[in-house]
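S.K.: File work_25.cif follows (mmCIF, C-alpha atoms):
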data_query
loop_
_atom_site.group_PDB
_atom_site.id
_atom_site.type_symbol
_atom_site.label_atom_id
_atom_site.label_comp_id
_atom_site.auth_asym_id
_atom_site.auth_seq_id
_atom_site.Cartn_x
_atom_site.Cartn_y
_atom_site.Cartn_z
ATOM 1 C CA MET G 1 -21.840 42.858 -15.415
ATOM 2 C CA ASN G 2 -24.562 41.553 -13.103
ATOM 3 C CA SER G 3 -25.021 38.607 -15.456
ATOM 4 C CA ARG G 4 -21.325 37.764 -15.188
ATOM 5 C CA LYS G 5 -21.487 37.956 -11.374
ATOM 6 C CA SER G 6 -24.442 35.616 -11.423
ATOM 7 C CA VAL G 7 -22.528 33.119 -13.525
ATOM 8 C CA TYR G 8 -19.528 33.257 -11.183
ATOM 9 C CA SER G 9 -21.802 32.943 -8.171
ATOM 10 C CA ALA G 10 -23.533 29.913 -9.642
ATOM 11 C CA LEU G 11 -20.197 28.331 -10.589
ATOM 12 C CA PHE G 12 -18.820 28.887 -7.076
ATOM 13 C CA SER G 13 -21.938 27.316 -5.595
ATOM 14 C CA ILE G 14 -21.558 24.235 -7.810
ATOM 15 C CA ILE G 15 -17.869 23.827 -6.871
ATOM 16 C CA LEU G 16 -18.613 24.259 -3.159
ATOM 17 C CA THR G 17 -21.426 21.707 -3.303
ATOM 18 C CA GLY G 18 -19.126 19.258 -5.069
ATOM 19 C CA MET G 19 -16.395 19.696 -2.478
ATOM 20 C CA ILE G 20 -18.842 19.075 0.360
ATOM 21 C CA ALA G 21 -20.085 15.937 -1.397
ATOM 22 C CA ILE G 22 -16.527 14.626 -1.787
ATOM 23 C CA ILE G 23 -15.671 15.296 1.856
ATOM 24 C CA THR G 24 -18.869 13.589 2.956
ATOM 25 C CA ALA G 25 -18.191 10.579 0.725
ATOM 26 C CA CYS G 26 -14.659 10.210 2.087
ATOM 27 C CA THR G 27 -15.753 10.313 5.691
ATOM 28 C CA SER G 28 -17.305 7.468 7.643
ATOM 29 C CA VAL G 29 -20.032 7.762 10.250
ATOM 30 C CA SER G 30 -17.395 8.232 12.950
ATOM 31 C CA ASN G 31 -15.655 10.976 10.931
ATOM 32 C CA ILE G 32 -12.686 8.775 10.064
ATOM 33 C CA PRO G 33 -11.216 9.613 6.632
ATOM 34 C CA VAL G 34 -11.296 6.646 4.283
ATOM 35 C CA MET G 35 -8.272 7.917 2.369
ATOM 36 C CA PRO G 36 -5.732 9.180 4.942
ATOM 37 C CA ALA G 37 -2.639 11.155 3.954
ATOM 38 C CA ILE G 38 -0.314 8.498 5.384
ATOM 39 C CA ALA G 39 -1.688 4.991 5.728
ATOM 40 C CA VAL G 40 -0.901 2.615 8.571
ATOM 41 C CA SER G 41 0.274 -0.859 7.604
ATOM 42 C CA ARG G 42 -1.759 -3.854 8.773
ATOM 43 C CA THR G 43 1.275 -6.125 8.410
ATOM 44 C CA ILE G 44 2.879 -7.223 11.674
ATOM 45 C CA TYR G 45 6.469 -7.445 10.468
ATOM 46 C CA SER G 46 6.690 -4.046 8.797
ATOM 47 C CA THR G 47 7.672 -0.417 9.262
ATOM 48 C CA PRO G 48 5.391 1.796 11.372
ATOM 49 C CA THR G 49 4.351 5.292 10.324
ATOM 50 C CA ARG G 50 3.345 6.854 13.651
ATOM 51 C CA GLY G 51 5.575 8.293 16.342
ATOM 52 C CA VAL G 52 5.161 8.803 20.084
ATOM 53 C CA LYS G 53 2.962 11.896 19.770
ATOM 54 C CA SER G 54 0.522 10.268 17.349
ATOM 55 C CA LEU G 55 0.173 7.178 19.517
ATOM 56 C CA GLU G 56 -0.318 9.359 22.585
ATOM 57 C CA LEU G 57 -3.023 11.468 20.924
ATOM 58 C CA PHE G 58 -4.827 8.354 19.691
ATOM 59 C CA PHE G 59 -4.816 6.892 23.196
ATOM 60 C CA LEU G 60 -6.033 10.137 24.781
ATOM 61 C CA SER G 61 -8.876 10.367 22.276
ATOM 62 C CA HIS G 62 -10.295 7.312 24.065
ATOM 63 C CA ARG G 63 -9.154 8.160 27.596
ATOM 64 C CA PRO G 64 -8.769 11.947 27.848
ATOM 65 C CA LYS G 65 -8.098 11.828 31.601
ATOM 66 C CA ALA G 66 -5.369 9.201 31.404
ATOM 67 C CA ASN G 67 -1.943 9.876 32.887
ATOM 68 C CA LYS G 68 -0.160 11.540 29.969
ATOM 69 C CA TRP G 69 3.285 10.644 31.276
ATOM 70 C CA LEU G 70 2.312 6.968 31.414
ATOM 71 C CA VAL G 71 0.770 7.034 27.946
ATOM 72 C CA ARG G 72 3.852 8.723 26.499
ATOM 73 C CA THR G 73 6.101 6.213 28.239
ATOM 74 C CA MET G 74 4.129 3.291 26.833
ATOM 75 C CA ALA G 75 4.226 4.755 23.329
ATOM 76 C CA ARG G 76 8.003 5.198 23.589
ATOM 77 C CA LEU G 77 8.508 1.664 24.901
ATOM 78 C CA TYR G 78 6.473 0.188 22.049
ATOM 79 C CA LEU G 79 8.406 2.160 19.458
ATOM 80 C CA GLU G 80 11.753 1.088 20.926
ATOM 81 C CA GLU G 81 10.941 -2.569 21.496
ATOM 82 C CA CYS G 82 9.236 -2.980 18.126
ATOM 83 C CA ALA G 83 12.148 -1.311 16.334
ATOM 84 C CA ALA G 84 14.490 -3.873 17.887
ATOM 85 C CA GLU G 85 12.548 -6.750 16.309
ATOM 86 C CA GLY G 86 11.194 -5.174 13.123
ATOM 87 C CA ILE G 87 7.613 -5.289 14.376
ATOM 88 C CA ASN G 88 5.031 -2.671 13.388
ATOM 89 C CA SER G 89 4.594 -0.575 16.545
ATOM 90 C CA ASP G 90 1.354 0.907 15.194
ATOM 91 C CA VAL G 91 -0.233 -2.545 15.293
ATOM 92 C CA ALA G 92 1.364 -3.532 18.603
ATOM 93 C CA PHE G 93 0.293 -0.338 20.347
ATOM 94 C CA ILE G 94 -3.347 -0.457 19.267
ATOM 95 C CA GLN G 95 -3.452 -4.151 20.177
ATOM 96 C CA MET G 96 -2.266 -3.202 23.661
ATOM 97 C CA CYS G 97 -5.030 -0.598 23.819
ATOM 98 C CA HIS G 98 -7.596 -3.210 22.867
ATOM 99 C CA GLU G 99 -6.297 -5.953 25.151
ATOM 100 C CA THR G 100 -6.017 -3.713 28.233
ATOM 101 C CA ASN G 101 -9.048 -1.513 27.547
ATOM 102 C CA PHE G 102 -6.683 1.445 27.254
ATOM 103 C CA LEU G 103 -4.813 0.417 30.415
ATOM 104 C CA GLU G 104 -7.991 0.261 32.485
ATOM 105 C CA TYR G 105 -8.018 -3.560 32.360
ATOM 106 C CA GLY G 106 -11.093 -5.150 33.984
ATOM 107 C CA ASN G 107 -10.697 -8.832 33.117
ATOM 108 C CA LEU G 108 -8.187 -11.463 34.262
ATOM 109 C CA VAL G 109 -5.077 -9.316 33.925
ATOM 110 C CA THR G 110 -4.442 -6.480 36.384
ATOM 111 C CA LYS G 111 -2.223 -3.392 36.236
ATOM 112 C CA ASP G 112 0.476 -4.774 38.510
ATOM 113 C CA MET G 113 1.213 -7.648 36.111
ATOM 114 C CA ASN G 114 2.758 -5.499 33.343
ATOM 115 C CA ASN G 115 1.049 -7.842 30.899
ATOM 116 C CA PHE G 116 -0.180 -5.758 27.987
ATOM 117 C CA CYS G 117 -1.572 -8.407 25.671
ATOM 118 C CA GLY G 118 -3.275 -11.002 27.885
ATOM 119 C CA LEU G 119 -0.287 -13.314 27.556
ATOM 120 C CA GLY G 120 -1.062 -16.622 29.255
ATOM 121 C CA ALA G 121 -4.442 -15.438 30.535
ATOM 122 C CA ILE G 122 -6.763 -18.426 30.294
ATOM 123 C CA GLY G 123 -9.083 -18.322 33.310
ATOM 124 C CA PRO G 124 -9.351 -17.617 37.056
ATOM 125 C CA GLU G 125 -6.717 -20.264 37.772
ATOM 126 C CA GLN G 126 -4.371 -18.887 35.112
ATOM 127 C CA ARG G 127 -4.760 -15.141 35.114
ATOM 128 C CA GLY G 128 -1.739 -14.548 32.911
ATOM 129 C CA LEU G 129 1.995 -13.931 33.073
ATOM 130 C CA LYS G 130 3.622 -11.283 35.228
ATOM 131 C CA PHE G 131 6.618 -9.174 34.246
ATOM 132 C CA ALA G 132 8.905 -7.170 36.522
ATOM 133 C CA THR G 133 8.782 -3.924 34.528
ATOM 134 C CA LYS G 134 6.706 -2.237 31.864
ATOM 135 C CA ARG G 135 9.548 -2.579 29.366
ATOM 136 C CA LEU G 136 9.753 -6.325 29.876
ATOM 137 C CA GLY G 137 5.999 -6.617 29.533
ATOM 138 C CA VAL G 138 6.108 -4.704 26.263
ATOM 139 C CA ARG G 139 9.071 -6.799 25.095
ATOM 140 C CA ALA G 140 7.188 -10.042 25.751
ATOM 141 C CA HIS G 141 4.196 -8.724 23.800
ATOM 142 C CA VAL G 142 6.406 -7.697 20.881
ATOM 143 C CA GLN G 143 8.166 -11.063 20.888
ATOM 144 C CA HIS G 144 4.850 -12.887 20.831
ATOM 145 C CA LEU G 145 3.787 -10.806 17.837
ATOM 146 C CA HIS G 146 7.147 -11.655 16.271
ATOM 147 C CA ALA G 147 6.303 -15.356 16.518
ATOM 148 C CA TYR G 148 2.965 -14.765 14.811
ATOM 149 C CA GLY G 149 4.221 -12.389 12.144
ATOM 150 C CA THR G 150 7.560 -13.900 11.074
ATOM 151 C CA THR G 151 8.887 -17.226 9.863
ATOM 152 C CA GLU G 152 11.576 -19.438 11.441
ATOM 153 C CA ASP G 153 14.413 -17.798 9.497
ATOM 154 C CA ILE G 154 13.829 -14.415 11.166
ATOM 155 C CA LYS G 155 15.474 -14.513 14.587
ATOM 156 C CA LEU G 156 14.902 -12.332 17.633
ATOM 157 C CA ASN G 157 17.517 -9.679 18.408
ATOM 158 C CA ASN G 158 16.786 -9.402 22.120
ATOM 159 C CA GLU G 159 17.011 -12.312 24.536
ATOM 160 C CA LEU G 160 13.799 -14.345 24.517
ATOM 161 C CA ILE G 161 11.624 -13.608 27.561
ATOM 162 C CA ASP G 162 8.231 -14.659 26.180
ATOM 163 C CA PRO G 163 7.694 -18.152 27.627
ATOM 164 C CA ARG G 164 4.906 -18.818 25.140
ATOM 165 C CA TYR G 165 6.935 -17.923 22.039
ATOM 166 C CA LYS G 166 7.751 -21.596 21.399
ATOM 167 C CA TYR G 167 4.097 -22.562 21.356
ATOM 168 C CA VAL G 168 3.277 -20.485 18.278
ATOM 169 C CA ARG G 169 3.107 -23.074 15.516
ATOM 170 C CA PRO G 170 3.465 -22.679 12.686
ATOM 171 C CA ARG G 171 5.603 -19.565 12.911
ATOM 172 C CA GLY G 172 4.265 -16.758 10.769
ATOM 173 C CA LYS G 173 0.649 -17.923 11.012
ATOM 174 C CA ALA G 174 -0.533 -14.289 11.106
ATOM 175 C CA PRO G 175 1.433 -12.016 8.764
ATOM 176 C CA ASP G 176 -1.178 -9.295 9.267
ATOM 177 C CA ILE G 177 -3.972 -8.438 11.690
ATOM 178 C CA ALA G 178 -6.503 -10.536 9.771
ATOM 179 C CA GLY G 179 -4.537 -13.636 10.744
ATOM 180 C CA LEU G 180 -4.907 -12.888 14.456
ATOM 181 C CA THR G 181 -8.586 -13.813 14.413
ATOM 182 C CA GLY G 182 -8.981 -17.406 15.540
ATOM 183 C CA THR G 183 -5.286 -17.693 16.424
ATOM 184 C CA TRP G 184 -4.353 -14.977 18.882
ATOM 185 C CA ALA G 185 -7.973 -14.585 19.967
ATOM 186 C CA ALA G 186 -11.106 -16.689 19.550
ATOM 187 C CA ASP G 187 -13.246 -13.599 18.989
ATOM 188 C CA PRO G 188 -14.448 -13.789 15.350
ATOM 189 C CA ALA G 189 -14.485 -9.986 15.215
ATOM 190 C CA TYR G 190 -10.986 -9.565 16.674
ATOM 191 C CA ALA G 191 -9.333 -8.297 13.484
ATOM 192 C CA GLU G 192 -12.272 -5.994 12.784
ATOM 193 C CA LYS G 193 -11.811 -4.338 16.167
ATOM 194 C CA LEU G 194 -8.099 -3.831 15.538
ATOM 195 C CA GLU G 195 -8.877 -2.508 12.066
ATOM 196 C CA ARG G 196 -11.197 0.115 13.507
ATOM 197 C CA TYR G 197 -8.481 1.347 15.849
ATOM 198 C CA LEU G 198 -5.950 1.472 13.020
ATOM 199 C CA CYS G 199 -8.379 3.524 10.948
ATOM 200 C CA GLU G 200 -8.672 5.933 13.848
ATOM 201 C CA LEU G 201 -4.894 6.066 14.277
ATOM 202 C CA GLU G 202 -4.571 7.245 10.691
ATOM 203 C CA ASN G 203 -6.103 10.541 11.809
ATOM 204 C CA PHE G 204 -3.208 11.259 14.157
#
Starting from the file, lay out its structure as structure tokens.
M.R.:
Amino acid sequence: MNSRKSVYSALFSIILTGMIAIITACTSVSNIPVMPAIAVSRTIYSTPTRGVKSLELFFLSHRPKANKWLVRTMARLYLEECAAEGINSDVAFIQMCHETNFLEYGNLVTKDMNNFCGLGAIGPEQRGLKFATKRLGVRAHVQHLHAYGTTEDIKLNNELIDPRYKYVRPRGKAPDIAGLTGTWAADPAYAEKLERYLCELENF
């Protein structure tokens, strides 16, 4: 009887060790699962998988003291505006987080501009475009992504308010986040930074 218990005990120990090894192997240094239950698409013109709550929790994981009402409002606006144009709101939202330093800004663009993607921000003399409301700022961002992620045959549903939409040539130059490096931003690690945020989002 004791021999049988010893066998079971040893077997349980082996299984437990194996499970720990698998969990460790599937987890990066920052505890981000490599194989999430529901993946987030990296394609710009595609269907998102995350809702308002997930986007809010992701944001708050970086800025726990942020205004929750504002974060929730921004998440809702991105979901609504992206849905209108078929743009992946997961990508658009994390790009906003990156471009605005999670709405803390700090570069050329300031909070009062409602510019969530650095649109038109070139230097001190051209600090970027201003929009009257948060919704319009989000809409302009989404439309600019639309120009990068879709071809000429895919038209906008809302009235065009992005004054730089026409300058994106060729249309569809960045079907996914990888294509934003060297086009949307000069930073050679731009797509890698967005990728990291998307990996984090897959936990929420």
S.K.: Which polymer residues have any atom within 7 Å of an atom of segment 193-195 of chain G, counting all atoms listed in the file, with same-chain residues fewer than 4 positions away left out, as a ChimeraX atom specification?
M.R.: /G:94-95,189,199
S.K.: G:Val168, G:Ile44, G:Ile161, G:Leu108: which is nearest Arg135 of chain G, counting all atoms listed in the file?
M.R.: G:Ile161
S.K.: Using all atoms listed in the file, which protein or nucleic acid residues come within 8 Å of segment 153-159 of chain G? Drop anything in the same chain fewer than 6 positions from it, and give the result as a VMD selection string.
M.R.: chain G and resid 84 to 85 143 146
S.K.: Could you please take those selected residues and save C-alpha atoms as an mmCIF file, keeping the file's coordinate frame?
M.R.:
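The new file part.cif reads:
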data_model
loop_
_atom_site.group_PDB
_atom_site.id
_atom_site.type_symbol
_atom_site.label_atom_id
_atom_site.label_comp_id
_atom_site.auth_asym_id
_atom_site.auth_seq_id
_atom_site.Cartn_x
_atom_site.Cartn_y
_atom_site.Cartn_z
ATOM 1 C CA ALA G 84 14.490 -3.873 17.887
ATOM 2 C CA GLU G 85 12.548 -6.750 16.309
ATOM 3 C CA GLN G 143 8.166 -11.063 20.888
ATOM 4 C CA HIS G 146 7.147 -11.655 16.271
#
S.K.: Would you kindly return, as a ChimeraX atom specification, each protein, DNA or RNA residue with an atom no farther than 9 Å from any atom of Tyr78 of chain G, considering all atoms listed in the file and excluding same-chain residues fewer than 3 positions away?
M.R.: /G:52,73-75,81-83,89-90,92-93,135,138-139,142
S.K.: Give me, please, the distance in Å between atom CA of Ser46 of chain G and atom CA of Ala147 of chain G, quoted to one decimal.
M.R.: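 Computed distance, atom CA of Ser46 of chain G to atom CA of Ala147 of chain G, equals 13.7 Å.
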S.K.: Once the PyMOL selection byres ((chain G and resi 178-181) around 10) is applied to the coordinates I shared, what remains selected? I want it as a PyMOL selection string.
M.R.: chain G and resi 42-44+145+148-149+172-177+182-192+194-195
S.K.: Which residue is closest to Asp162 of chain G? Choose from G:Leu201, G:Leu77, G:Ile122, G:Cys117 and count only C-alpha atoms.
M.R.: G:Cys117
S.K.: Decode the PyMOL selection byres ((chain G and resi 202) around 8) for the given file into explicit residues and return them as an mmCIF file with C-alpha atoms, in the coordinates of the input.
M.R.:
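expr07.cif written:
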data_model
loop_
_atom_site.group_PDB
_atom_site.id
_atom_site.type_symbol
_atom_site.label_atom_id
_atom_site.label_comp_id
_atom_site.auth_asym_id
_atom_site.auth_seq_id
_atom_site.Cartn_x
_atom_site.Cartn_y
_atom_site.Cartn_z
ATOM 1 C CA PRO G 36 -5.732 9.180 4.942
ATOM 2 C CA ILE G 38 -0.314 8.498 5.384
ATOM 3 C CA ALA G 39 -1.688 4.991 5.728
ATOM 4 C CA VAL G 40 -0.901 2.615 8.571
ATOM 5 C CA LEU G 198 -5.950 1.472 13.020
ATOM 6 C CA CYS G 199 -8.379 3.524 10.948
ATOM 7 C CA GLU G 200 -8.672 5.933 13.848
ATOM 8 C CA LEU G 201 -4.894 6.066 14.277
ATOM 9 C CA ASN G 203 -6.103 10.541 11.809
ATOM 10 C CA PHE G 204 -3.208 11.259 14.157
#
S.K.: Work out how far apart atom CA of Arg169 of chain G and atom CA of Phe131 of chain G are and give it in Å to one decimal.
M.R.: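 Atom-to-atom, atom CA of Arg169 of chain G and atom CA of Phe131 of chain G are spaced 23.6 Å apart.
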S.K.: Would you work out the distance separating atom CA of Leu60 of chain G from atom CA of Asn88 of chain G, expressed in Å to one decimal?
M.R.: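 Here the two named atoms are 20.4 Å from each other.
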S.K.: The PyMOL selection byres ((chain G and resi 110) around 12) on the file shown: which residues, as number ranges by chain?
M.R.: G: 99-101, 103-109, 111-119, 121, 127-131
S.K.: Given 5 Å on each side, where is the centre and what are the edge lengths in Å to one decimal of the axis-aligned box enclosing the listed atoms of segment 109-124 of chain G, as AutoDock Vina command-line options?
M.R.:
--center_x -3.3 --center_y -10.9 --center_z 32.1 --size_x 22.1 --size_y 25.0 --size_z 22.8
S.K.: Counting only C-alpha atoms, figure out which residue out of G:Leu70, G:Leu136, G:Met96, G:Ile87 gets nearest to Tyr197 of chain G.
M.R.: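 Checking each candidate against Tyr197 of chain G, we get G:Met96 as the closest.
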S.K.: Would you please work out which residue, of G:Pro163, G:Cys97, G:Arg171, G:Thr47, is nearest to Ser61 of chain G when using all atoms listed in the file?
M.R.: G:Cys97
